[in-house]
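Q: Compact mmCIF, C-alpha atoms, file entry-v2.txt:
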```
# COMPACT_ATOMS: atom_id res chain seq x y z
CA MET A 622 0.00 0.00 0.00
CA SER A 623 1.39 3.37 -1.02
CA SER A 624 1.22 6.61 0.89
CA TYR A 625 2.16 10.12 -0.07
CA ARG A 626 3.14 13.06 1.98
CA PHE A 627 4.43 16.60 1.75
CA CYS A 628 7.68 17.26 3.55
CA ARG A 629 8.94 19.71 6.14
CA THR A 630 12.31 21.33 6.67
CA ASP A 631 13.33 18.52 9.01
CA ASP A 632 12.76 15.97 6.24
CA ILE A 633 15.97 16.73 4.34
CA ASP A 634 17.45 13.34 5.19
CA LEU A 635 14.29 11.61 3.95
CA LEU A 636 14.36 13.59 0.71
CA VAL A 637 18.04 12.84 0.17
CA ASP A 638 17.35 9.14 0.74
CA ALA A 639 14.36 9.23 -1.60
CA LEU A 640 16.41 10.89 -4.35
CA ASN A 641 19.17 8.32 -4.00
CA ARG A 642 16.67 5.46 -4.15
CA CYS A 643 14.37 6.78 -6.86
CA TRP A 644 16.31 9.31 -8.96
CA ALA A 645 19.81 7.88 -8.93
CA PRO A 646 18.96 4.56 -10.66
CA HIS A 647 17.80 6.53 -13.71
CA PHE A 648 20.97 8.67 -13.77
CA PRO A 649 23.82 6.42 -12.66
CA ASN A 650 26.47 8.88 -13.85
CA GLU A 651 25.34 11.61 -11.47
CA PRO A 652 26.94 11.83 -8.05
CA PRO A 653 24.69 10.71 -5.20
CA MET A 654 22.65 13.37 -3.44
CA THR A 655 23.95 14.51 -0.08
CA PRO A 656 22.39 16.70 2.61
CA ALA A 657 24.93 19.41 1.77
CA ALA A 658 24.05 19.33 -1.92
CA PHE A 659 20.37 19.37 -1.08
CA LYS A 660 20.84 22.39 1.15
CA ARG A 661 22.72 24.08 -1.67
CA SER A 662 19.71 23.57 -3.91
CA ILE A 663 17.58 25.20 -1.22
CA ARG A 664 19.89 28.21 -1.26
CA ASP A 665 20.50 28.44 -5.01
CA LEU A 666 17.21 27.31 -6.50
CA GLN A 667 14.79 28.07 -3.68
CA VAL A 668 13.81 24.43 -3.23
CA TRP A 669 11.10 24.38 -0.58
CA CYS A 670 10.68 21.27 1.50
CA SER A 671 6.98 22.02 1.81
CA SER A 672 6.77 21.82 -1.99
CA CYS A 673 8.51 18.44 -1.96
CA MET A 674 6.71 15.11 -1.72
CA VAL A 675 7.66 11.54 -1.09
CA ALA A 676 5.71 8.43 -2.07
CA MET A 677 6.27 5.54 0.32
CA SER A 678 5.66 1.84 0.17
CA GLY A 679 5.89 0.78 3.79
CA PRO A 680 9.10 2.31 5.12
CA ASP A 681 10.71 2.73 1.69
CA PRO A 682 10.52 5.75 -0.59
CA ILE A 683 9.32 4.75 -4.05
CA GLY A 684 8.77 8.16 -5.53
CA VAL A 685 9.93 11.71 -4.97
CA LEU A 686 9.07 15.18 -6.21
CA ILE A 687 11.34 18.16 -5.52
CA GLY A 688 9.68 21.53 -5.89
CA ALA A 689 11.29 24.96 -5.91
CA LYS A 690 9.17 28.02 -5.28
CA ARG A 691 9.43 31.68 -6.18
CA SER A 692 6.81 34.38 -6.42
CA SER A 693 6.67 33.79 -10.18
CA GLY A 694 5.82 30.13 -9.82
CA THR A 695 6.92 26.67 -8.77
CA LEU A 696 9.51 24.58 -10.57
CA ILE A 697 9.23 20.79 -10.57
CA HIS A 698 12.96 20.50 -10.13
CA ARG A 699 13.02 16.72 -10.01
CA ILE A 700 10.43 13.98 -10.16
CA ALA A 701 11.33 10.31 -10.11
CA VAL A 702 9.76 6.95 -9.39
CA HIS A 703 11.78 3.91 -8.39
CA PRO A 704 12.31 1.60 -11.41
CA ASP A 705 10.38 -1.19 -9.69
CA HIS A 706 7.29 1.00 -9.29
CA LEU A 707 6.96 2.67 -12.67
CA ARG A 708 3.66 2.82 -14.54
CA GLN A 709 1.60 2.65 -11.34
CA GLY A 710 0.42 6.27 -11.31
CA HIS A 711 2.81 7.51 -8.63
CA GLY A 712 4.26 10.28 -10.79
CA ARG A 713 0.82 11.57 -11.75
CA HIS A 714 -0.32 11.44 -8.12
CA LEU A 715 2.70 13.45 -6.98
CA LEU A 716 2.05 16.09 -9.63
CA THR A 717 -1.67 16.40 -9.00
CA SER A 718 -1.17 16.57 -5.22
CA LEU A 719 1.27 19.46 -5.54
CA SER A 720 -1.04 21.16 -8.01
CA SER A 721 -3.95 20.88 -5.55
CA LYS A 722 -1.88 22.39 -2.77
CA LEU A 723 -0.68 25.27 -4.95
CA ALA A 724 -4.25 25.92 -6.12
CA ILE A 725 -4.94 26.95 -2.54
CA LEU A 726 -1.63 28.48 -1.48
CA GLY A 727 -0.23 29.72 -4.79
CA PRO A 728 1.66 30.65 -6.81
CA PRO A 729 -0.52 29.18 -9.55
CA ARG A 730 2.11 28.77 -12.25
CA ILE A 731 4.00 25.47 -12.32
CA VAL A 732 6.87 24.77 -14.69
CA ALA A 733 9.27 21.95 -15.49
CA GLU A 734 12.36 21.87 -17.69
CA VAL A 735 12.48 18.31 -18.96
CA PRO A 736 15.24 16.88 -21.18
CA GLU A 737 13.76 16.01 -24.54
CA SER A 738 15.46 12.63 -24.31
CA LEU A 739 13.24 11.67 -21.35
CA ALA A 740 10.23 10.80 -23.47
CA ALA A 741 8.27 9.16 -20.66
CA THR A 742 8.64 12.21 -18.42
CA CYS A 743 7.58 14.52 -21.24
CA GLU A 744 4.52 12.30 -21.76
CA LEU A 745 3.70 12.48 -18.05
CA PHE A 746 3.63 16.27 -18.07
CA SER A 747 1.60 16.39 -21.27
CA ALA A 748 -0.85 13.85 -19.84
CA CYS A 749 -1.23 15.97 -16.70
CA GLY A 750 -2.25 19.00 -18.74
CA TYR A 751 1.05 20.84 -19.01
CA LEU A 752 1.72 22.67 -22.24
CA GLU A 753 5.09 23.01 -23.87
CA GLU A 754 5.90 26.72 -23.83
CA ALA A 755 9.36 26.73 -25.33
CA ALA A 756 12.43 24.67 -26.06
CA LEU A 757 15.46 25.44 -23.91
CA THR A 758 18.63 24.72 -25.84
CA ASP A 759 22.07 23.89 -24.52
CA TYR A 760 24.76 25.58 -26.61
CA GLU A 761 28.45 24.84 -26.82
CA ARG A 762 31.34 26.79 -28.24
CA ASP A 763 34.65 25.20 -29.10
CA ASN A 764 37.14 27.98 -28.45
CA SER A 765 39.88 26.26 -30.41
CA GLN A 766 37.80 27.11 -33.46
CA HIS A 767 37.83 30.74 -32.38
CA PRO A 768 41.40 31.60 -31.48
CA THR A 769 42.27 34.84 -29.77
CA PRO A 770 42.45 37.44 -32.51
CA ASN A 771 45.61 39.46 -33.09
CA SER A 772 43.62 42.62 -33.38
CA GLN A 773 40.89 43.70 -31.03
CA GLY A 774 38.75 44.80 -33.97
CA ASP A 775 35.64 46.83 -33.22
CA GLN A 776 35.95 47.92 -29.61
CA SER A 777 33.93 50.87 -28.57
CA GLY A 778 33.86 50.25 -24.83
CA PHE A 779 35.98 49.36 -21.85
CA VAL A 780 36.18 45.72 -20.87
CA ILE A 781 35.94 45.65 -17.12
CA PRO A 782 35.55 43.00 -14.44
CA ILE A 783 31.96 42.90 -13.36
CA THR A 784 30.15 41.24 -10.48
CA VAL A 785 26.60 40.20 -9.82
CA GLU A 786 26.47 43.02 -7.29
CA ASP A 787 27.62 45.55 -9.90
CA LEU A 788 24.81 44.48 -12.17
CA ALA A 789 22.32 44.71 -9.34
CA ALA A 790 23.62 48.19 -8.44
CA ASN A 791 22.89 49.28 -12.00
CA GLY A 792 19.43 47.74 -11.98
CA LEU A 793 20.33 45.27 -14.72
CA LEU A 794 19.86 42.02 -12.89
CA GLU A 795 16.12 41.81 -12.43
CA GLU A 796 15.13 43.31 -15.72
CA GLY A 797 15.78 41.31 -18.82
CA PRO A 798 14.56 38.49 -20.98
CA GLN A 799 13.09 35.21 -19.83
CA VAL A 800 15.73 32.75 -18.70
CA CYS A 801 15.70 29.24 -17.29
CA TRP A 802 15.20 28.75 -13.56
CA GLU A 803 18.84 27.92 -12.83
CA ARG A 804 20.13 31.13 -14.39
CA SER A 805 17.50 33.50 -13.01
CA PHE A 806 18.57 36.54 -11.01
CA GLN A 807 17.59 34.87 -7.74
CA THR A 808 20.08 32.07 -8.41
CA LEU A 809 22.74 34.51 -9.59
CA ILE A 810 22.41 36.46 -6.35
CA ALA A 811 22.59 33.26 -4.30
CA ARG A 812 25.73 32.15 -6.16
CA LYS A 813 27.33 35.57 -6.44
CA ASP A 814 30.52 34.62 -4.62
CA GLU A 815 31.41 31.92 -7.12
CA ILE A 816 30.46 33.85 -10.26
CA ALA A 817 32.97 35.82 -12.31
CA GLY A 818 32.10 38.37 -14.94
CA ARG A 819 33.22 40.76 -17.60
CA GLY A 820 31.42 43.75 -18.99
CA VAL A 821 31.77 46.21 -21.82
CA ALA A 822 31.10 49.67 -20.49
CA SER A 823 31.15 53.24 -21.67
CA ASP A 824 31.45 56.15 -19.29
CA GLU A 825 27.67 56.23 -18.98
CA ARG A 826 26.42 52.68 -19.17
CA ILE A 827 27.16 48.99 -19.24
CA GLU A 828 26.69 47.93 -22.84
CA ALA A 829 27.14 44.17 -22.55
CA TYR A 830 28.08 41.64 -19.93
CA LEU A 831 29.01 38.03 -19.42
CA LEU A 832 28.72 36.07 -16.17
CA TYR A 833 30.29 32.66 -15.89
CA VAL A 834 31.56 29.96 -13.57
CA ARG A 835 34.49 27.62 -14.09
CA ARG A 836 33.15 24.10 -14.67
CA ASP A 837 36.60 22.54 -14.86
CA ASP A 838 40.06 23.53 -16.04
CA SER A 839 39.01 23.82 -19.65
CA THR A 840 35.31 24.60 -19.52
CA ALA A 841 33.44 27.75 -18.60
CA GLU A 842 29.70 27.74 -18.09
CA ILE A 843 27.93 30.93 -19.05
CA LEU A 844 25.25 32.08 -16.67
CA SER A 845 24.35 35.25 -18.45
CA LEU A 846 25.31 36.79 -21.78
CA ARG A 847 23.58 40.02 -22.68
CA SER A 848 24.09 42.94 -24.93
CA LEU A 849 22.09 45.97 -23.92
CA VAL A 850 22.74 47.64 -27.26
CA ASP A 851 20.67 45.86 -29.89
CA GLU A 852 22.31 42.48 -29.25
CA ASN A 853 25.59 43.96 -30.50
CA PRO A 854 27.55 40.85 -31.45
CA ALA A 855 30.82 42.78 -31.47
CA HIS A 856 30.57 43.37 -27.74
CA LEU A 857 29.58 39.78 -27.08
CA HIS A 858 32.45 38.52 -29.20
CA GLN A 859 34.77 40.82 -27.27
CA LEU A 860 33.62 39.21 -24.02
CA LEU A 861 33.91 35.66 -25.30
CA THR A 862 37.44 36.42 -26.46
CA GLN A 863 38.27 37.06 -22.83
CA LEU A 864 37.27 33.50 -21.95
CA THR A 865 39.40 32.12 -24.75
CA ALA A 866 42.34 34.15 -23.53
CA GLN A 867 41.91 32.71 -20.04
CA GLY A 868 42.50 29.22 -21.37
CA PHE A 869 38.97 27.92 -21.55
CA GLU A 870 38.86 25.55 -24.49
CA ARG A 871 35.14 25.10 -24.31
CA VAL A 872 32.24 27.29 -23.31
CA ILE A 873 28.79 25.96 -22.53
CA PHE A 874 25.65 28.04 -22.34
CA PRO A 875 22.90 25.84 -20.93
CA ARG A 876 19.12 26.00 -21.26
CA VAL A 877 18.89 29.08 -23.43
CA HIS A 878 15.32 30.32 -23.79
CA PRO A 879 14.49 31.49 -27.33
CA GLU A 880 13.59 34.93 -25.95
CA GLU A 881 16.89 35.23 -24.13
CA ILE A 882 19.16 35.72 -27.13
CA SER A 883 18.60 34.99 -30.77
CA THR A 884 19.81 31.79 -32.34
CA ASP A 885 21.36 33.77 -35.18
CA VAL A 886 23.46 35.82 -32.79
CA LEU A 887 24.59 32.74 -30.89
CA GLU A 888 25.50 30.84 -34.02
CA GLY A 889 27.27 33.92 -35.36
CA LEU A 890 29.35 33.88 -32.20
CA GLY A 891 30.33 30.28 -32.83
CA PHE A 892 27.87 28.50 -30.55
CA ARG A 893 26.34 25.25 -31.71
CA PRO A 894 23.19 23.69 -30.23
CA SER A 895 23.56 20.38 -28.45
CA THR A 896 20.75 19.05 -26.26
CA THR A 897 17.27 20.44 -25.73
CA ARG A 898 14.87 20.63 -22.83
CA ARG A 899 11.17 21.23 -23.03
CA LEU A 900 9.75 23.97 -20.88
CA PHE A 901 6.39 22.69 -19.69
CA ALA A 902 4.00 25.05 -17.94
CA GLY A 903 0.69 24.46 -16.18
CA ARG A 904 -1.71 26.11 -13.77
CA ALA A 905 -2.36 24.77 -10.30
CA ARG A 906 -5.85 23.38 -9.93
CA ALA A 907 -7.85 21.58 -7.29
CA ALA A 908 -8.11 17.83 -7.76
CA MET B 1270 34.00 71.10 7.70
CA THR B 1271 35.49 74.33 6.31
CA PRO B 1272 38.09 73.20 3.80
CA ALA B 1273 39.58 76.66 3.29
CA PHE B 1274 40.88 76.76 6.83
CA ALA B 1275 41.42 73.16 7.67
CA GLY B 1276 45.08 72.49 8.34
CA ALA B 1277 46.34 76.07 8.41
CA PRO B 1278 46.78 76.25 12.19
CA SER B 1279 48.38 72.84 12.14
CA ARG B 1280 51.03 73.92 9.60
CA ALA B 1281 51.86 77.01 11.68
CA ARG B 1282 52.10 75.02 14.87
CA HIS B 1283 54.58 72.54 13.40
CA ALA B 1284 56.62 75.01 11.35
CA GLU B 1285 59.79 74.38 13.35
CA ALA B 1286 59.20 70.75 14.07
CA PRO B 1287 61.62 68.08 12.80
CA ALA B 1288 61.33 67.34 9.11
CA LYS B 1289 59.77 63.92 9.56
CA ALA B 1290 57.01 65.22 11.78
CA GLY B 1291 56.48 68.13 9.40
CA GLU B 1292 56.02 65.70 6.50
CA ALA B 1293 53.52 63.73 8.46
CA SER B 1294 51.61 66.85 9.28
CA ALA B 1295 51.59 68.03 5.68
CA GLU B 1296 50.33 64.66 4.58
CA ALA B 1297 47.55 64.76 7.12
CA ASP B 1298 46.58 68.18 5.88
CA ALA B 1299 46.47 67.19 2.21
CA PRO B 1300 43.08 67.65 0.62
CA GLY B 1301 40.91 64.62 0.82
CA SER B 1302 43.19 62.75 3.19
CA SER B 1303 42.65 64.20 6.62
CA SER B 1304 38.88 64.42 6.69
CA GLU B 1305 36.55 61.50 7.08
CA ALA B 1306 34.66 60.08 4.14
CA LYS B 1307 31.12 61.29 3.95
CA LEU B 1308 28.06 60.73 1.84
CA ILE B 1309 28.00 63.17 -1.06
CA ALA B 1310 24.96 61.96 -3.01
CA ARG B 1311 23.13 58.87 -4.20
CA ASP B 1312 22.14 57.79 -7.70
CA ASP B 1313 18.61 56.79 -8.65
CA LYS B 1314 19.36 53.19 -7.60
CA LYS B 1315 20.37 54.51 -4.16
CA ASN B 1316 24.06 53.71 -4.65
CA PRO B 1317 26.03 56.16 -2.52
CA LEU B 1318 28.89 58.43 -3.58
CA VAL B 1319 31.18 58.57 -0.56
CA SER B 1320 34.23 60.80 -0.59
CA THR B 1321 36.61 62.74 1.59
CA PHE B 1322 36.41 65.63 -0.91
CA GLU B 1323 33.75 68.22 -1.40
CA TRP B 1324 31.88 67.74 -4.68
CA THR B 1325 29.88 70.33 -6.52
CA SER B 1326 26.38 69.19 -7.34
CA ASP B 1327 26.93 68.89 -11.09
CA ALA B 1328 30.19 66.99 -10.53
CA ALA B 1329 28.41 64.49 -8.29
CA GLN B 1330 25.59 64.10 -10.78
CA ARG B 1331 28.07 63.46 -13.59
CA ILE B 1332 30.00 60.72 -11.81
CA LEU B 1333 26.75 59.11 -10.75
CA ARG B 1334 26.01 58.59 -14.45
CA VAL B 1335 29.07 56.34 -14.72
CA PRO B 1336 27.97 52.71 -14.25
CA ALA B 1337 28.04 51.78 -10.58
CA GLY B 1338 30.67 49.31 -9.44
CA TYR B 1339 34.13 48.87 -10.86
CA MET B 1340 33.80 51.56 -13.53
CA ARG B 1341 32.58 54.25 -11.17
CA ASN B 1342 35.01 53.29 -8.42
CA LYS B 1343 37.99 53.50 -10.79
CA THR B 1344 36.79 56.79 -12.22
CA GLN B 1345 36.34 58.25 -8.75
CA GLU B 1346 39.81 57.07 -7.72
CA ARG B 1347 41.30 58.72 -10.79
CA ILE B 1348 39.46 61.99 -10.21
CA GLU B 1349 40.41 62.13 -6.55
CA GLU B 1350 44.01 61.39 -7.39
CA ILE B 1351 44.08 64.36 -9.76
CA ALA B 1352 42.39 66.53 -7.12
CA ARG B 1353 44.97 65.45 -4.56
CA GLU B 1354 47.87 66.23 -6.86
CA ARG B 1355 46.44 69.66 -7.54
CA THR B 1356 45.63 70.18 -3.87
CA ALA B 1357 42.05 70.89 -4.83
CA ARG B 1358 39.61 70.62 -2.01
CA THR B 1359 36.49 70.64 -4.10
CA ILE B 1360 35.83 68.46 -7.12
CA ASP B 1361 33.96 70.29 -9.84
CA LEU B 1362 32.47 69.18 -13.12
CA GLY B 1363 35.61 70.05 -15.06
CA LEU B 1364 37.70 67.76 -12.91
CA VAL B 1365 35.22 64.93 -13.34
CA GLU B 1366 35.15 65.33 -17.11
CA GLU B 1367 38.93 65.42 -17.12
CA GLY B 1368 39.13 62.20 -15.12
CA ILE B 1369 36.72 60.51 -17.49
CA GLU B 1370 38.66 61.70 -20.53
CA ILE B 1371 41.91 60.40 -19.07
CA GLY B 1372 40.22 57.04 -18.62
CA LYS B 1373 39.18 57.03 -22.25
CA LYS B 1374 42.70 57.98 -23.31
CA MET B 1375 44.15 55.15 -21.22
CA MET B 1376 41.79 52.81 -22.98
CA ALA B 1377 42.69 54.02 -26.44
CA GLU B 1378 46.38 53.66 -25.66
CA MET B 1379 45.94 50.14 -24.41
CA ILE B 1380 44.08 49.12 -27.54
CA ALA B 1381 46.65 50.83 -29.74
CA GLY B 1382 49.40 49.12 -27.76
CA TYR B 1383 47.74 45.79 -28.25
CA SER B 1384 47.30 46.23 -31.98
CA ALA B 1385 50.84 47.46 -32.52
CA PRO B 1386 53.13 44.89 -34.16
CA GLY B 1387 55.31 43.09 -31.68
CA SER B 1388 53.32 44.13 -28.65
CA SER B 1389 53.07 41.47 -26.01
CA PRO B 1390 50.19 40.73 -23.68
CA ALA B 1391 52.37 41.77 -20.79
CA ASN B 1392 52.86 45.19 -22.30
CA THR B 1393 49.23 45.66 -23.03
CA ALA B 1394 48.05 44.48 -19.62
CA SER B 1395 48.77 47.88 -18.22
CA ALA B 1396 47.19 51.18 -17.61
CA VAL B 1397 48.53 54.69 -17.85
CA LYS B 1398 48.44 56.59 -14.62
CA PRO B 1399 47.60 60.27 -14.96
CA ASN B 1400 49.78 63.03 -13.61
CA GLY B 1401 48.61 66.32 -12.28
CA SER B 1402 48.27 67.94 -15.68
CA GLY B 1403 46.07 65.18 -16.93
CA ALA B 1404 48.68 63.87 -19.34
CA PRO B 1405 49.77 60.24 -19.16
CA ARG B 1406 52.74 59.95 -16.83
CA GLU B 1407 53.64 56.42 -16.00
CA VAL B 1408 52.62 52.95 -16.83
CA VAL B 1409 51.29 50.77 -14.07
CA ASN B 1410 50.60 47.12 -14.40
CA GLY B 1411 46.94 46.27 -14.56
CA SER B 1412 47.28 42.75 -13.26
CA ASN B 1413 46.16 43.81 -9.82
CA GLY B 1414 42.72 44.38 -11.19
CA GLY B 1415 43.26 48.08 -11.58
CA GLY B 1416 43.38 48.07 -15.37
CA TYR B 1417 40.75 47.56 -17.97
CA LEU B 1418 40.67 44.23 -19.67
CA ASN B 1419 40.41 44.90 -23.38
CA GLU B 1420 43.90 43.56 -23.52
CA VAL B 1421 44.15 39.82 -23.76
CA ARG B 1422 46.14 38.45 -20.89
CA SER B 1423 48.13 35.30 -20.62
CA LYS B 1424 46.28 32.10 -20.02
CA HIS B 1425 44.87 31.16 -16.63
CA GLU B 1426 44.34 34.69 -15.45
CA ALA B 1427 43.87 34.78 -11.70
```
In structure tokens, how does this file's structure come out?
A:
Amino acid sequence: MSSYRFCRTDDIDLLVDALNRCWAPHFPNEPPMTPAAFKRSIRDLQVWCSSCMVAMSGPDPIGVLIGAKRSSGTLIHRIAVHPDHLRQGHGRHLLTSLSSKLAILGPPRIVAEVPESLAATCELFSACGYLEEAALTDYERDNSQHPTPNSQGDQSGFVIPITVEDLAANGLLEEGPQVCWERSFQTLIARKDEIAGRGVASDERIEAYLLYVRRDDSTAEILSLRSLVDENPAHLHQLLTQLTAQGFERVIFPRVHPEEISTDVLEGLGFRPSTTRRLFAGRARAA
Amino acid sequence: MTPAFAGAPSRARHAEAPAKAGEASAEADAPGSSSEAKLIARDDKKNPLVSTFEWTSDAAQRILRVPAGYMRNKTQERIEEIARERTARTIDLGLVEEGIEIGKKMMAEMIAGYSAPGSSPANTASAVKPNGSGAPREVVNGSNGGGYLNEVRSKHEA
């Protein structure tokens, strides 16, 4: 007999256990979840234990849903059912239970960013009434194909180090195009101490900026890439050149929303699409 | 604070003091160094302009148009350095514009230095420090974060 329950802040150990039992078998290459990593997701992504659920069979977790909540909506960050309990309606029950709760407490918008390769999960969201709003594309840039130029070319601004706090001080962080949950301004603020940045500035404004983290010795992950002057590719190219010069052989720009930056600009800068996620969105409703 | 009179009694009092003490006193009396930093103004995002100098209103408004953060901090440092060298107690609009123009000139020189044949990243990773007249005076290395970054540095920048 199965039971379901919403969690509390003192259920972190249960949620970690549930993720390792139910999520990990589907993604054996990912490191196991730990309480520290879970707490980091609370800080960085605004995971709320009260928006998390566990399905139990006796004493054992057989399903888990991890929800993150902001005023704009709730993200289904992870949802997984143990391989031995698939196709028994647990996933649907977890989703509809959270939806019922949010119909009362809000916020009403619920989203999920599901890898296109996970066909069954995409089907689950579609079957539960979620609509695909957009495709979020992972882009990659091989910097060896774009060596550091000998001439700086078109440079009309100063390239300066820039921080998340600098952007916030100039009111640039909260305004802007739609981005994925993990690169939203709330996450950038939470991760500000580990984020580096470069900007192109004139004496009166910041014209473009790039925020990134070091993934490993050779890879930089872009968290934000924006031109505030008509998507000026020259400025963006100038900023990417900085990453090449720092020794990053590869740059990844994950989960790019089509409204964030145009495909033409990205491809003109040397980015190539790799994997895609589907952005599903639904409204909370009573069961 | 009354800048016009600050320090005058001190100089008179220590006129016959040993040289070292006299130097210390003069340094303490230098514009912008002896007084405490105070809030001059805020921009529309509420970012404060804090300085030990007096600023005219239009000068404060002009520097508050420079993007907050690194860019504004560096510009303010440059302007205050010029003011200090000229023993100016009040920063006016002209001084601000001059500081901004020096910054632009530094930038142009760095880009030109980079593009010049045979220039090395080490040479271009530098900034030109202004002297009192506003003309470039000496080259300081920008690797401490003080320079702009249009130059391309060596790999694995700190």
Q: Report, in Å to a single decimal, how far apart atom CA of Glu880 of chain A and atom CA of Pro798 of chain A are.
A: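 Going from atom CA of Pro798 of chain A over to atom CA of Glu880 of chain A covers 6.2 Å.
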Q: Using all atoms listed in the file and a distance of at most 12 Å, pull out the residues of chain A that contact chain B, as a PyMOL selection string.
A: chain A and resi 768-793+817-829+835+838-840+856+858-870
Q: Which residues come within 6 Å of segment 637-647 of chain A, counting only C-alpha atoms, excluding same-chain residues fewer than 3 positions away, as a PyMOL selection string?
A: chain A and resi 634+654+682+684+701-703
Q: Just to confirm, what's the straight-line distance from atom CA of Val1365 of chain B to atom CA of Ala1328 of chain B in Å (one decimal)?
A: 6.1 Å
Q: Pick out the residues sitting within 7 Å of Arg812 of chain A, and hand them over as a list of chain:residue names; count only C-alpha atoms, and ignore anything fewer than 4 positions along from it in its own chain.
A: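 Residues near the query, excluding close chain neighbours: A:Asp665, A:Thr808, A:Ile816.
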